[in-house]
file protein18.cif (mmCIF, C-alpha atoms and all ligand atoms)
data_coords
loop_
_atom_site.label_atom_id
_atom_site.label_comp_id
_atom_site.auth_asym_id
_atom_site.auth_seq_id
_atom_site.Cartn_x
_atom_site.Cartn_y
_atom_site.Cartn_z
CA MET A 1 -158.79 -66.10 -2.30
CA MET A 2 -155.45 -66.44 -0.65
CA LEU A 3 -151.89 -66.89 -1.81
CA ARG A 4 -149.70 -69.84 -0.91
CA ALA A 5 -146.10 -70.44 -1.91
CA HIS A 6 -144.44 -73.84 -2.25
CA LYS A 7 -140.64 -73.90 -2.38
CA ILE A 8 -139.20 -76.91 -4.15
CA GLU A 9 -135.61 -77.93 -4.78
CA LEU A 10 -134.66 -78.20 -8.44
CA ARG A 11 -132.62 -81.02 -9.95
CA THR A 12 -130.46 -78.94 -12.23
CA ASN A 13 -127.79 -80.02 -14.67
CA ASN A 14 -124.79 -77.78 -15.40
CA LYS A 15 -126.46 -75.96 -18.26
CA GLN A 16 -129.51 -75.15 -16.17
CA ALA A 17 -127.48 -74.01 -13.16
CA THR A 18 -125.44 -71.74 -15.43
CA TYR A 19 -128.62 -70.25 -16.88
CA PHE A 20 -130.06 -69.60 -13.43
CA ALA A 21 -126.86 -67.89 -12.32
CA LYS A 22 -126.97 -65.72 -15.45
CA ALA A 23 -130.66 -64.81 -15.02
CA SER A 24 -130.05 -63.98 -11.34
CA GLY A 25 -127.09 -61.82 -12.36
CA THR A 26 -129.29 -60.01 -14.86
CA ALA A 27 -132.00 -59.45 -12.26
CA ARG A 28 -129.45 -58.16 -9.77
CA LYS A 29 -127.88 -55.81 -12.33
CA ALA A 30 -131.28 -54.45 -13.37
CA TYR A 31 -132.33 -53.95 -9.74
CA ASN A 32 -129.12 -52.17 -8.78
CA TRP A 33 -129.13 -50.08 -11.96
CA ALA A 34 -132.72 -49.00 -11.28
CA LEU A 35 -131.96 -48.18 -7.63
CA GLU A 36 -129.04 -46.02 -8.70
CA GLN A 37 -131.17 -44.26 -11.35
CA TRP A 38 -133.92 -43.76 -8.80
CA GLN A 39 -131.55 -42.02 -6.42
CA LYS A 40 -130.07 -39.84 -9.21
CA GLN A 41 -133.44 -38.81 -10.60
CA TYR A 42 -134.79 -38.10 -7.14
CA GLU A 43 -131.79 -35.89 -6.26
CA ALA A 44 -132.23 -34.02 -9.56
CA GLY A 45 -135.79 -33.16 -8.50
CA GLY A 46 -137.50 -35.87 -10.57
CA LYS A 47 -140.21 -38.32 -9.59
CA PRO A 48 -138.91 -41.77 -10.52
CA THR A 49 -141.32 -44.67 -10.99
CA GLU A 50 -140.61 -48.34 -11.60
CA ALA A 51 -142.64 -48.29 -14.84
CA ALA A 52 -140.58 -45.43 -16.27
CA LEU A 53 -137.36 -47.13 -15.19
CA ARG A 54 -138.40 -50.36 -16.92
CA ARG A 55 -139.01 -48.44 -20.14
CA GLN A 56 -135.70 -46.66 -19.74
CA LEU A 57 -133.80 -49.92 -19.31
CA ASN A 58 -135.57 -51.46 -22.30
CA SER A 59 -134.43 -48.61 -24.50
CA ILE A 60 -130.77 -48.92 -23.56
CA LYS A 61 -130.23 -52.60 -22.73
CA ARG A 62 -129.59 -53.74 -26.31
CA LYS A 63 -126.67 -51.33 -26.51
CA GLU A 64 -125.40 -51.16 -22.93
CA PHE A 65 -126.21 -54.60 -21.50
CA PRO A 66 -126.56 -56.92 -24.52
CA TRP A 67 -126.02 -60.00 -22.34
CA MET A 68 -129.35 -59.25 -20.65
CA LEU A 69 -131.02 -60.50 -23.85
CA GLU A 70 -129.67 -64.01 -23.31
CA VAL A 71 -132.12 -64.72 -20.48
CA THR A 72 -135.86 -64.34 -19.98
CA LYS A 73 -137.03 -60.72 -20.19
CA ASN A 74 -138.85 -61.34 -16.91
CA ALA A 75 -135.55 -61.31 -15.01
CA PRO A 76 -134.78 -57.57 -15.40
CA GLN A 77 -138.44 -56.48 -15.58
CA MET A 78 -139.65 -58.24 -12.45
CA ALA A 79 -136.56 -57.08 -10.54
CA ILE A 80 -137.42 -53.44 -11.25
CA MET A 81 -141.06 -54.05 -10.33
CA GLN A 82 -139.82 -55.53 -7.05
CA LEU A 83 -137.77 -52.36 -6.49
CA GLY A 84 -141.03 -50.44 -6.95
CA ASP A 85 -142.63 -52.64 -4.27
CA ALA A 86 -139.64 -52.06 -2.00
CA PHE A 87 -140.07 -48.28 -2.34
CA ASN A 88 -143.82 -48.55 -1.75
CA ASN A 89 -143.13 -50.48 1.44
CA PHE A 90 -140.54 -47.89 2.44
CA PHE A 91 -142.94 -44.97 1.86
CA ALA A 92 -145.65 -46.79 3.82
CA LYS A 93 -143.09 -47.25 6.65
CA ARG A 94 -143.36 -51.06 6.38
CA ALA A 95 -139.72 -51.50 5.40
CA LYS A 96 -136.33 -49.82 5.36
CA TYR A 97 -134.88 -47.97 2.40
CA PRO A 98 -134.04 -50.50 -0.35
CA ASN A 99 -130.50 -51.92 -0.43
CA PHE A 100 -128.43 -52.93 -3.41
CA ARG A 101 -128.61 -56.67 -4.17
CA LYS A 102 -125.45 -58.68 -3.55
CA LYS A 103 -124.04 -61.63 -5.43
CA TRP A 104 -124.47 -65.03 -3.65
CA ILE A 105 -126.82 -63.45 -1.12
CA ASP A 106 -129.54 -62.18 -3.45
CA ASP A 107 -129.30 -64.68 -6.31
CA ARG A 108 -132.85 -64.84 -7.56
CA PHE A 109 -135.17 -63.92 -10.38
CA THR A 110 -138.93 -64.03 -10.82
CA LEU A 111 -141.13 -65.27 -13.66
CA THR A 112 -144.72 -64.23 -14.37
CA ASN A 113 -147.22 -67.01 -14.99
CA ASP A 114 -147.24 -66.55 -18.77
CA GLN A 115 -143.51 -67.29 -18.83
CA PHE A 116 -143.42 -70.74 -17.30
CA ALA A 117 -145.46 -73.89 -16.95
CA VAL A 118 -145.60 -76.54 -14.23
CA ASN A 119 -146.32 -80.14 -15.16
CA ASP A 120 -146.22 -82.81 -12.48
CA SER A 121 -142.68 -82.52 -11.09
CA ARG A 122 -141.23 -80.39 -13.86
CA ILE A 123 -141.15 -76.68 -14.60
CA ARG A 124 -140.67 -75.20 -18.05
CA ILE A 125 -138.49 -72.09 -18.22
CA PRO A 126 -138.11 -69.87 -21.32
CA HIS A 127 -134.87 -70.39 -23.30
CA LEU A 128 -134.17 -73.47 -21.20
CA GLY A 129 -136.92 -76.06 -21.43
CA TRP A 130 -138.00 -78.46 -18.71
CA VAL A 131 -136.24 -78.51 -15.33
CA ARG A 132 -136.94 -81.33 -12.89
CA MET A 133 -138.31 -80.59 -9.43
CA ARG A 134 -137.75 -82.74 -6.34
CA GLU A 135 -141.48 -82.94 -5.67
CA SER A 136 -144.65 -81.85 -7.38
CA LEU A 137 -146.56 -78.69 -6.55
CA ARG A 138 -148.75 -79.28 -3.53
CA TYR A 139 -151.37 -76.58 -4.12
CA ILE A 140 -154.14 -76.63 -6.65
CA GLY A 141 -155.23 -73.28 -8.01
CA LYS A 142 -154.24 -70.45 -10.30
CA ILE A 143 -150.45 -70.15 -10.54
CA VAL A 144 -149.37 -66.55 -10.04
CA SER A 145 -145.58 -66.44 -10.27
CA ALA A 146 -142.38 -68.36 -9.65
CA THR A 147 -139.14 -67.17 -8.07
CA ILE A 148 -135.98 -69.14 -8.68
CA SER A 149 -133.31 -68.66 -6.05
CA ARG A 150 -130.03 -70.08 -4.86
CA SER A 151 -129.19 -71.08 -1.33
CA ALA A 152 -126.33 -73.27 -0.12
CA ASN A 153 -125.36 -73.81 -3.76
CA LYS A 154 -128.68 -75.41 -4.56
CA TRP A 155 -131.40 -73.97 -6.75
CA PHE A 156 -135.00 -73.73 -5.61
CA VAL A 157 -138.22 -72.59 -7.15
CA SER A 158 -140.93 -70.99 -5.07
CA VAL A 159 -144.26 -71.16 -6.88
CA THR A 160 -147.04 -68.85 -5.71
CA VAL A 161 -150.57 -70.17 -6.15
CA GLU A 162 -153.94 -68.50 -5.57
CA ILE A 163 -156.18 -70.92 -3.65
CA GLN A 164 -159.74 -70.85 -2.37
CA LYS A 165 -160.14 -69.69 1.19
CA PRO A 166 -161.25 -72.64 3.33
CA ARG A 167 -164.86 -72.69 4.40
CA PRO A 168 -165.18 -72.70 8.18
CA ILE A 169 -166.59 -75.96 9.46
CA ALA A 170 -169.57 -76.01 11.79
CA ASN A 171 -168.92 -77.73 15.09
CA ASP A 172 -171.22 -80.66 14.36
CA ASN A 173 -170.89 -83.20 11.57
CA GLN A 174 -167.12 -83.20 11.76
CA VAL A 175 -165.28 -86.30 10.72
CA ALA A 176 -162.36 -87.24 12.93
CA VAL A 177 -159.52 -89.72 12.62
CA GLY A 178 -156.69 -90.89 14.85
CA VAL A 179 -153.35 -91.84 13.32
CA ASP A 180 -150.93 -94.17 15.10
CA LEU A 181 -147.43 -94.14 13.66
CA GLY A 182 -145.13 -97.12 13.87
CA LEU A 183 -142.37 -99.06 12.24
CA HIS A 184 -144.43 -102.10 11.35
CA HIS A 185 -147.02 -100.14 9.44
CA PHE A 186 -146.13 -96.55 8.79
CA ALA A 187 -149.59 -95.46 9.90
CA THR A 188 -152.69 -97.09 11.33
CA LEU A 189 -155.94 -95.13 11.10
CA SER A 190 -158.78 -95.36 13.58
CA THR A 191 -160.92 -96.43 10.63
CA GLY A 192 -158.95 -99.67 10.79
CA GLU A 193 -156.92 -98.94 7.70
CA LYS A 194 -153.21 -99.78 7.84
CA ILE A 195 -150.81 -97.92 5.62
CA THR A 196 -147.47 -99.48 4.83
CA GLY A 197 -144.49 -97.32 3.96
CA PRO A 198 -143.53 -96.70 0.36
CA LYS A 199 -142.73 -99.88 -1.54
CA PRO A 200 -139.07 -99.40 -2.63
CA HIS A 201 -138.17 -98.65 0.95
CA LYS A 202 -137.23 -102.17 2.01
CA ALA A 203 -134.99 -102.89 -0.97
CA LEU A 204 -133.24 -99.59 -0.53
CA MET A 205 -132.82 -100.22 3.17
CA ASN A 206 -131.01 -103.46 2.41
CA ARG A 207 -128.74 -101.61 0.04
CA LEU A 208 -128.23 -98.97 2.70
CA ARG A 209 -127.14 -101.61 5.18
CA ARG A 210 -124.75 -103.17 2.69
CA LEU A 211 -123.26 -99.81 1.79
CA SER A 212 -122.75 -98.69 5.37
CA ARG A 213 -121.11 -102.04 6.17
CA SER A 214 -118.79 -101.70 3.20
CA LEU A 215 -117.98 -98.14 4.22
CA SER A 216 -116.89 -99.24 7.67
CA ARG A 217 -114.47 -101.72 6.08
CA LYS A 218 -112.77 -99.05 3.96
CA ARG A 219 -109.55 -97.47 5.23
CA LYS A 220 -109.96 -93.95 6.69
CA GLY A 221 -108.89 -91.20 4.29
CA SER A 222 -108.79 -93.54 1.29
CA ASN A 223 -110.33 -92.70 -2.05
CA ASN A 224 -112.56 -95.73 -1.92
CA ARG A 225 -113.95 -94.59 1.38
CA LYS A 226 -114.70 -91.19 -0.07
CA LYS A 227 -116.55 -92.79 -2.99
CA ALA A 228 -118.52 -95.06 -0.68
CA LYS A 229 -119.44 -92.07 1.44
CA ILE A 230 -120.85 -90.18 -1.55
CA LYS A 231 -122.79 -93.26 -2.62
CA LEU A 232 -124.22 -93.62 0.86
CA SER A 233 -125.31 -90.00 1.18
CA ARG A 234 -126.99 -90.17 -2.24
CA LEU A 235 -128.90 -93.23 -1.15
CA HIS A 236 -129.95 -91.54 2.10
CA TYR A 237 -131.25 -88.64 0.08
CA ARG A 238 -133.16 -90.92 -2.29
CA ILE A 239 -134.83 -92.78 0.55
CA ALA A 240 -135.79 -89.51 2.21
CA ASN A 241 -137.37 -88.27 -1.02
CA ILE A 242 -139.38 -91.42 -1.63
CA ARG A 243 -140.62 -91.28 1.93
CA ARG A 244 -141.52 -87.63 1.72
CA ASP A 245 -143.50 -88.09 -1.49
CA ALA A 246 -145.47 -90.95 0.04
CA GLN A 247 -146.11 -88.83 3.12
CA HIS A 248 -147.38 -85.95 1.03
CA GLN A 249 -149.90 -88.29 -0.53
CA LEU A 250 -151.01 -89.55 2.85
CA THR A 251 -151.16 -86.19 4.64
CA THR A 252 -153.05 -84.63 1.71
CA ARG A 253 -155.55 -87.45 1.83
CA LEU A 254 -155.99 -87.09 5.59
CA VAL A 255 -156.69 -83.36 5.50
CA ASN A 256 -159.05 -83.81 2.56
CA ASP A 257 -161.06 -86.63 4.13
CA PHE A 258 -161.12 -85.60 7.80
CA ASP A 259 -161.88 -82.44 9.78
CA ILE A 260 -160.09 -83.36 13.00
CA ILE A 261 -156.87 -85.39 13.01
CA GLY A 262 -155.27 -86.77 16.16
CA ILE A 263 -151.61 -87.80 16.13
CA GLU A 264 -148.94 -88.49 18.69
CA ASP A 265 -145.88 -86.48 19.56
CA LEU A 266 -142.79 -87.58 17.68
CA HIS A 267 -141.39 -90.29 19.83
CA VAL A 268 -142.54 -93.76 19.00
CA LYS A 269 -143.07 -96.50 21.50
CA GLY A 270 -140.56 -99.27 21.60
CA MET A 271 -138.15 -97.62 19.23
CA LEU A 272 -135.24 -98.46 21.47
CA ARG A 273 -135.48 -102.08 20.49
CA ASN A 274 -134.62 -101.26 16.93
CA ARG A 275 -131.29 -100.72 15.30
CA LYS A 276 -130.00 -97.20 15.38
CA LEU A 277 -130.11 -96.81 11.63
CA SER A 278 -133.74 -97.65 11.07
CA ARG A 279 -134.61 -95.59 14.10
CA SER A 280 -133.01 -92.40 12.81
CA ILE A 281 -134.68 -92.85 9.43
CA ALA A 282 -138.04 -93.49 11.02
CA ASP A 283 -137.62 -90.44 13.25
CA MET A 284 -137.06 -88.28 10.22
CA GLY A 285 -140.24 -89.65 8.70
CA PHE A 286 -142.33 -88.86 11.78
CA HIS A 287 -140.96 -85.32 11.94
CA GLU A 288 -141.84 -84.76 8.32
CA PHE A 289 -145.28 -86.32 8.73
CA ARG A 290 -146.18 -83.97 11.56
CA ARG A 291 -144.65 -80.95 9.82
CA GLN A 292 -146.80 -81.55 6.75
CA LEU A 293 -150.00 -81.92 8.77
CA GLU A 294 -149.17 -78.80 10.78
CA TYR A 295 -149.43 -76.58 7.73
CA LYS A 296 -151.87 -78.55 5.58
CA ALA A 297 -154.61 -78.92 8.20
CA PRO A 298 -155.02 -75.18 9.02
CA SER A 299 -154.81 -74.24 5.33
CA LEU A 300 -157.97 -76.27 4.69
CA GLY A 301 -159.69 -75.20 7.89
CA LYS A 302 -159.06 -78.56 9.53
CA LYS A 303 -157.71 -79.25 13.04
CA LEU A 304 -154.64 -81.19 14.03
CA VAL A 305 -154.38 -82.34 17.65
CA VAL A 306 -151.01 -83.57 18.90
CA ALA A 307 -151.05 -85.86 21.92
CA GLY A 308 -148.15 -85.68 24.34
CA ARG A 309 -145.88 -88.64 24.89
CA TRP A 310 -147.36 -89.27 28.31
CA PHE A 311 -150.72 -89.98 26.75
CA ALA A 312 -150.95 -93.77 27.00
CA SER A 313 -152.69 -94.29 23.68
CA THR A 314 -151.66 -97.95 23.54
CA LYS A 315 -152.57 -98.98 27.07
CA ILE A 316 -156.01 -97.43 27.29
CA CYS A 317 -158.94 -99.57 26.21
CA SER A 318 -160.73 -97.51 23.59
CA ARG A 319 -164.04 -99.16 24.55
CA CYS A 320 -164.16 -98.72 28.33
CA ASP A 321 -161.40 -96.07 28.76
CA ARG A 322 -159.65 -98.12 31.45
CA LYS A 323 -155.90 -98.45 31.42
CA VAL A 324 -153.89 -101.65 31.59
CA ASP A 325 -150.55 -101.63 33.36
CA ASN A 326 -148.27 -103.32 30.96
CA LEU A 327 -148.41 -104.15 27.29
CA PRO A 328 -145.11 -105.36 25.83
CA LEU A 329 -144.35 -104.32 22.27
CA SER A 330 -144.51 -107.91 21.10
CA VAL A 331 -148.21 -108.03 21.95
CA ARG A 332 -149.93 -107.08 18.72
CA GLU A 333 -153.44 -108.04 19.88
CA TRP A 334 -154.92 -108.06 23.36
CA THR A 335 -158.15 -108.42 25.29
CA CYS A 336 -159.21 -105.81 27.79
CA PRO A 337 -159.40 -107.42 31.29
CA TYR A 338 -162.30 -105.11 32.25
CA CYS A 339 -164.70 -105.17 29.32
CA PHE A 340 -163.24 -108.14 27.40
CA THR A 341 -163.01 -106.28 24.13
CA HIS A 342 -160.44 -107.75 21.79
CA HIS A 343 -158.10 -105.10 20.35
CA ASP A 344 -155.63 -104.78 17.55
CA ARG A 345 -152.86 -102.88 19.31
CA ASP A 346 -152.37 -100.15 16.68
CA VAL A 347 -156.02 -99.68 15.80
CA ASN A 348 -156.88 -99.33 19.50
CA ALA A 349 -154.14 -96.70 19.88
CA SER A 350 -155.40 -94.75 16.88
CA VAL A 351 -159.00 -94.85 18.17
CA ASN A 352 -157.75 -93.36 21.45
CA LEU A 353 -155.98 -90.63 19.52
CA GLU A 354 -159.18 -89.90 17.63
CA LYS A 355 -161.20 -89.70 20.86
CA LEU A 356 -158.64 -87.40 22.46
CA ALA A 357 -158.61 -85.17 19.37
CA VAL A 358 -162.39 -84.87 19.31
CA SER A 359 -162.73 -84.18 23.04
CA SER A 360 -160.00 -81.55 23.04
CA THR A 361 -161.29 -79.66 20.01
CA VAL A 362 -164.83 -79.66 21.36
CA SER A 363 -163.66 -78.10 24.61
CA ALA A 364 -161.16 -75.73 23.05
CA CYS A 365 -162.48 -74.51 19.74
CA GLY A 366 -165.31 -72.30 20.96
CA ALA A 367 -163.32 -69.20 20.08
CA PRO A 368 -162.56 -68.53 16.42
CA SER A 369 -158.97 -69.28 15.52
CA ASP A 370 -156.79 -67.48 13.02
CA GLY A 371 -155.15 -70.59 11.66
CA ALA A 372 -152.19 -70.57 14.02
CA VAL A 373 -151.71 -72.78 17.05
CA THR A 374 -154.86 -72.32 19.07
CA TYR A 375 -153.38 -73.21 22.38
CA VAL A 376 -150.51 -75.17 23.80
CA ILE A 377 -150.62 -76.97 27.09
CA ALA A 378 -147.41 -77.85 28.81
CA SER A 379 -148.47 -80.11 31.58
CA HIS A 380 -147.07 -83.34 32.87
CA GLY A 381 -150.14 -84.70 34.53
CA ALA A 382 -152.36 -87.22 32.83
CA LEU A 383 -155.43 -86.68 34.93
CA LYS A 384 -157.34 -84.20 32.86
CA GLN A 385 -158.07 -84.98 29.26
CA GLU A 386 -156.66 -81.65 28.04
CA SER A 387 -153.33 -82.22 29.73
CA ASN A 388 -152.71 -85.05 27.32
CA VAL A 389 -152.70 -82.65 24.43
CA ILE A 390 -149.62 -80.60 23.70
CA ALA A 391 -150.76 -78.61 20.68
CA ILE A 392 -153.72 -77.92 18.45
CA TYR A 393 -153.24 -76.48 14.98
CA GLY A 394 -155.98 -74.84 12.98
ZN ZN A 401 -162.05 -102.28 28.07
#
call {"tool": "encode", "arguments": {"input": "protein18.cif", "output": "structure tokens", "more": "lines below"}}
Ligand SMILES: [Zn+2]
result
Amino acid sequence: MMLRAHKIELRTNNKQATYFAKASGTARKAYNWALEQWQKQYEAGGKPTEAALRRQLNSIKRKEFPWMLEVTKNAPQMAIMQLGDAFNNFFAKRAKYPNFRKKWIDDRFTLTNDQFAVNDSRIRIPHLGWVRMRESLRYIGKIVSATISRSANKWFVSVTVEIQKPRPIANDNQVAVGVDLGLHHFATLSTGEKITGPKPHKALMNRLRRLSRSLSRKRKGSNNRKKAKIKLSRLHYRIANIRRDAQHQLTTRLVNDFDIIGIEDLHVKGMLRNRKLSRSIADMGFHEFRRQLEYKAPSLGKKLVVAGRWFASTKICSRCDRKVDNLPLSVREWTCPYCFTHHDRDVNASVNLEKLAVSSTVSACGAPSDGAVTYVIASHGALKQESNVIAIYG
């Protein structure tokens, strides 16, 4: 068993944000009160414990801090338990002496699993009801706790889940896949499957273009320009969320179905031909795609191999391994001049990524890995197979 936390932004309304601020305030007050009591009792020769302090607070809070009753009882209780942990860590020399919590910096409170429920992309909080989350929980397993916190004036929930430890995979019988990313199709797999981007993307992109054109026509400093700017940034955010959700689906599927996954470094061939706008959005997507695979693959005991940008995945014939000199972006299909195999450009590239991934894990994964980056090669040559790989995760 191992614990994994997923931090998700919450889509709060005013009432919910006010409640979170209040619950965080209660947690902070309880923590600081308990720390002060701890110090007093210790100086008076006593032996303070977090359990005794929780009982002590319970007996006085109705009279001294009646506002604490307006939020979940978890807020003060868990805060004092966390103070107990902080002291344990201090006594074990793992951490410094506990500090008082500060407003705005330490705005958070924790819920035990009997005090909340997660359903799809919503979380139910006592006294408050359902709060929407920006994405759904990515781990499957027993939910342990949730911590709600504020940063940059946004509220987040970090849900801790107990998951099964991945079973190590024997070196044979591994299933590998190469993934070629592009603008035409978001991803092409070496299995021949082509995955288009999320559906609403195109319609939203047209709206995005219209909005950014209308923004450029508005006078600088005008109210209308301000409004258009807000509209535009909201739309950007929406597009990014749709994309990210679709990517989570895809990356989860990849790590579930395959043991070794080969992808390319971020840059995408021929991007310069495209408009700046679509390029920046696509770039964001590729970053996110790789980021998701980087943590999902090792967590399931799978391997992610990232090919460097000097690896000519497109120009190498995946059948005979020979390289052609020039292959303009407009050429979607081609025939190898050496072995006469007819290739779909993207499928051929993804097959090369799969082959590279397999060959580099076979030569590199003899030693057991601890789930971090196994090795990183920074080489600019393209002679040896390994020098085409820049990182292996898992
Ligand atoms: Zn060939």
call {"tool": "atom_distance", "arguments": {"input": "protein18.cif", "atom1": "CA of Glu50 in chain A", "atom2": "CA of Arg94 in chain A"}}
result
18.4 Å
call {"tool": "closest_residue", "arguments": {"input": "protein18.cif", "among": "A:Thr72, A:Ser212, A:Asn14, A:Asn348", "to": "ligand ZN 401 (chain A)", "atoms": "only C-alpha atoms and all ligand atoms"}}
result
A:Asn348
call {"tool": "atom_distance", "arguments": {"input": "protein18.cif", "atom1": "CA of Gln82 in chain A", "atom2": "CA of Gln39 in chain A"}}
result
15.9 Å
call {"tool": "atom_distance", "arguments": {"input": "protein18.cif", "atom1": "CA of Trp130 in chain A", "atom2": "CA of Arg253 in chain A"}}
result
28.5 Å
call {"tool": "residues_near_ligand", "arguments": {"input": "protein18.cif", "ligand": "ligand ZN 401 (chain A)", "cutoff": "10 Å", "atoms": "only C-alpha atoms and all ligand atoms", "output": "VMD selection string"}}
result
chain A and resid 316 to 324 335 to 343
call {"tool": "axis_aligned_box", "arguments": {"input": "protein18.cif", "around": "range 9-26 of chain A", "padding_each_side": "5 Å", "output": "JSON"}}
result
{"center_x": -130.2, "center_y": -70.5, "center_z": -11.5, "size_x": 20.8, "size_y": 31.0, "size_z": 23.5}
call {"tool": "residues_around", "arguments": {"input": "protein18.cif", "residues": "Ala203 in chain A", "least_positions_apart": "6", "cutoff": "12 Å", "atoms": "all atoms listed in the file", "output": "ChimeraX atom specification"}}
result
/A:209-210,235,239
call {"tool": "residues_around", "arguments": {"input": "protein18.cif", "residues": "Arg108 in chain A", "least_positions_apart": "4", "cutoff": "6 Å", "atoms": "only C-alpha atoms", "output": "list of chain:residue names"}}
result
A:Ser24, A:Ile148, A:Ser149
call {"tool": "write_last_selection", "arguments": {"input": "protein18.cif", "atoms": "C-alpha atoms", "output": "compact mmCIF listing (two decimals), in the coordinates of the input"}}
result
# COMPACT_ATOMS: atom_id res chain seq x y z
CA SER A 24 -130.05 -63.98 -11.34
CA ILE A 148 -135.98 -69.14 -8.68
CA SER A 149 -133.31 -68.66 -6.05
call {"tool": "closest_residue", "arguments": {"input": "protein18.cif", "among": "A:Arg309, A:Arg291, A:Arg54, A:Lys7", "to": "Phe156 in chain A", "atoms": "all atoms listed in the file"}}
result
A:Lys7
call {"tool": "residues_around", "arguments": {"input": "protein18.cif", "residues": "Trp104 in chain A", "least_positions_apart": "4", "cutoff": "9 Å", "atoms": "all atoms listed in the file", "output": "list in words"}}
result
Arg150, Ser151 and Asn153 of chain A
call {"tool": "closest_residue", "arguments": {"input": "protein18.cif", "among": "A:Met205, A:Val347, A:Val179, A:Ile230", "to": "Asp265 in chain A", "atoms": "only C-alpha atoms"}}
result
A:Val179
call {"tool": "residues_around", "arguments": {"input": "protein18.cif", "residues": "Tyr237 in chain A", "least_positions_apart": "4", "cutoff": "12 Å", "atoms": "only C-alpha atoms", "output": "ChimeraX atom specification"}}
result
/A:134,204,208,230-233,241-244,281,284
call {"tool": "closest_residue", "arguments": {"input": "protein18.cif", "among": "A:Leu250, A:Val131, A:Ile163, A:Leu53", "to": "Thr188 in chain A", "atoms": "only C-alpha atoms"}}
result
A:Leu250
call {"tool": "closest_residue", "arguments": {"input": "protein18.cif", "among": "A:Thr191, A:Asn224, A:Gln249, A:Asn99", "to": "Leu353 in chain A", "atoms": "all atoms listed in the file"}}
result
A:Thr191
call {"tool": "closest_residue", "arguments": {"input": "protein18.cif", "among": "A:Gly308, A:Gly301, A:Gly182, A:Gly25", "to": "Pro76 in chain A", "atoms": "only C-alpha atoms"}}
result
A:Gly25
call {"tool": "residues_near_point", "arguments": {"input": "protein18.cif", "point": "(-127.4, -78.6, -11.5)", "cutoff": "12 Å", "atoms": "all atoms listed in the file", "output": "list in words"}}
result
Glu9, Leu10, Arg11, Thr12, Asn13, Asn14, Lys15, Gln16, Ala17, Thr18, Tyr19, Phe20, Ala21, Val131, Arg132, Met133, Arg150, Asn153, Lys154, Trp155 and Phe156 of chain A
call {"tool": "residues_near_point", "arguments": {"input": "protein18.cif", "point": "(-146.3, -90.5, 4.1)", "cutoff": "8 Å", "atoms": "all atoms listed in the file", "output": "ChimeraX atom specification"}}
result
/A:186,197-198,243-251,285,289
call {"tool": "residues_around", "arguments": {"input": "protein18.cif", "residues": "Pro298 in chain A", "least_positions_apart": "2", "cutoff": "7 Å", "atoms": "only C-alpha atoms", "output": "PyMOL selection string"}}
result
chain A and resi 295-296+300-303+371+393-394
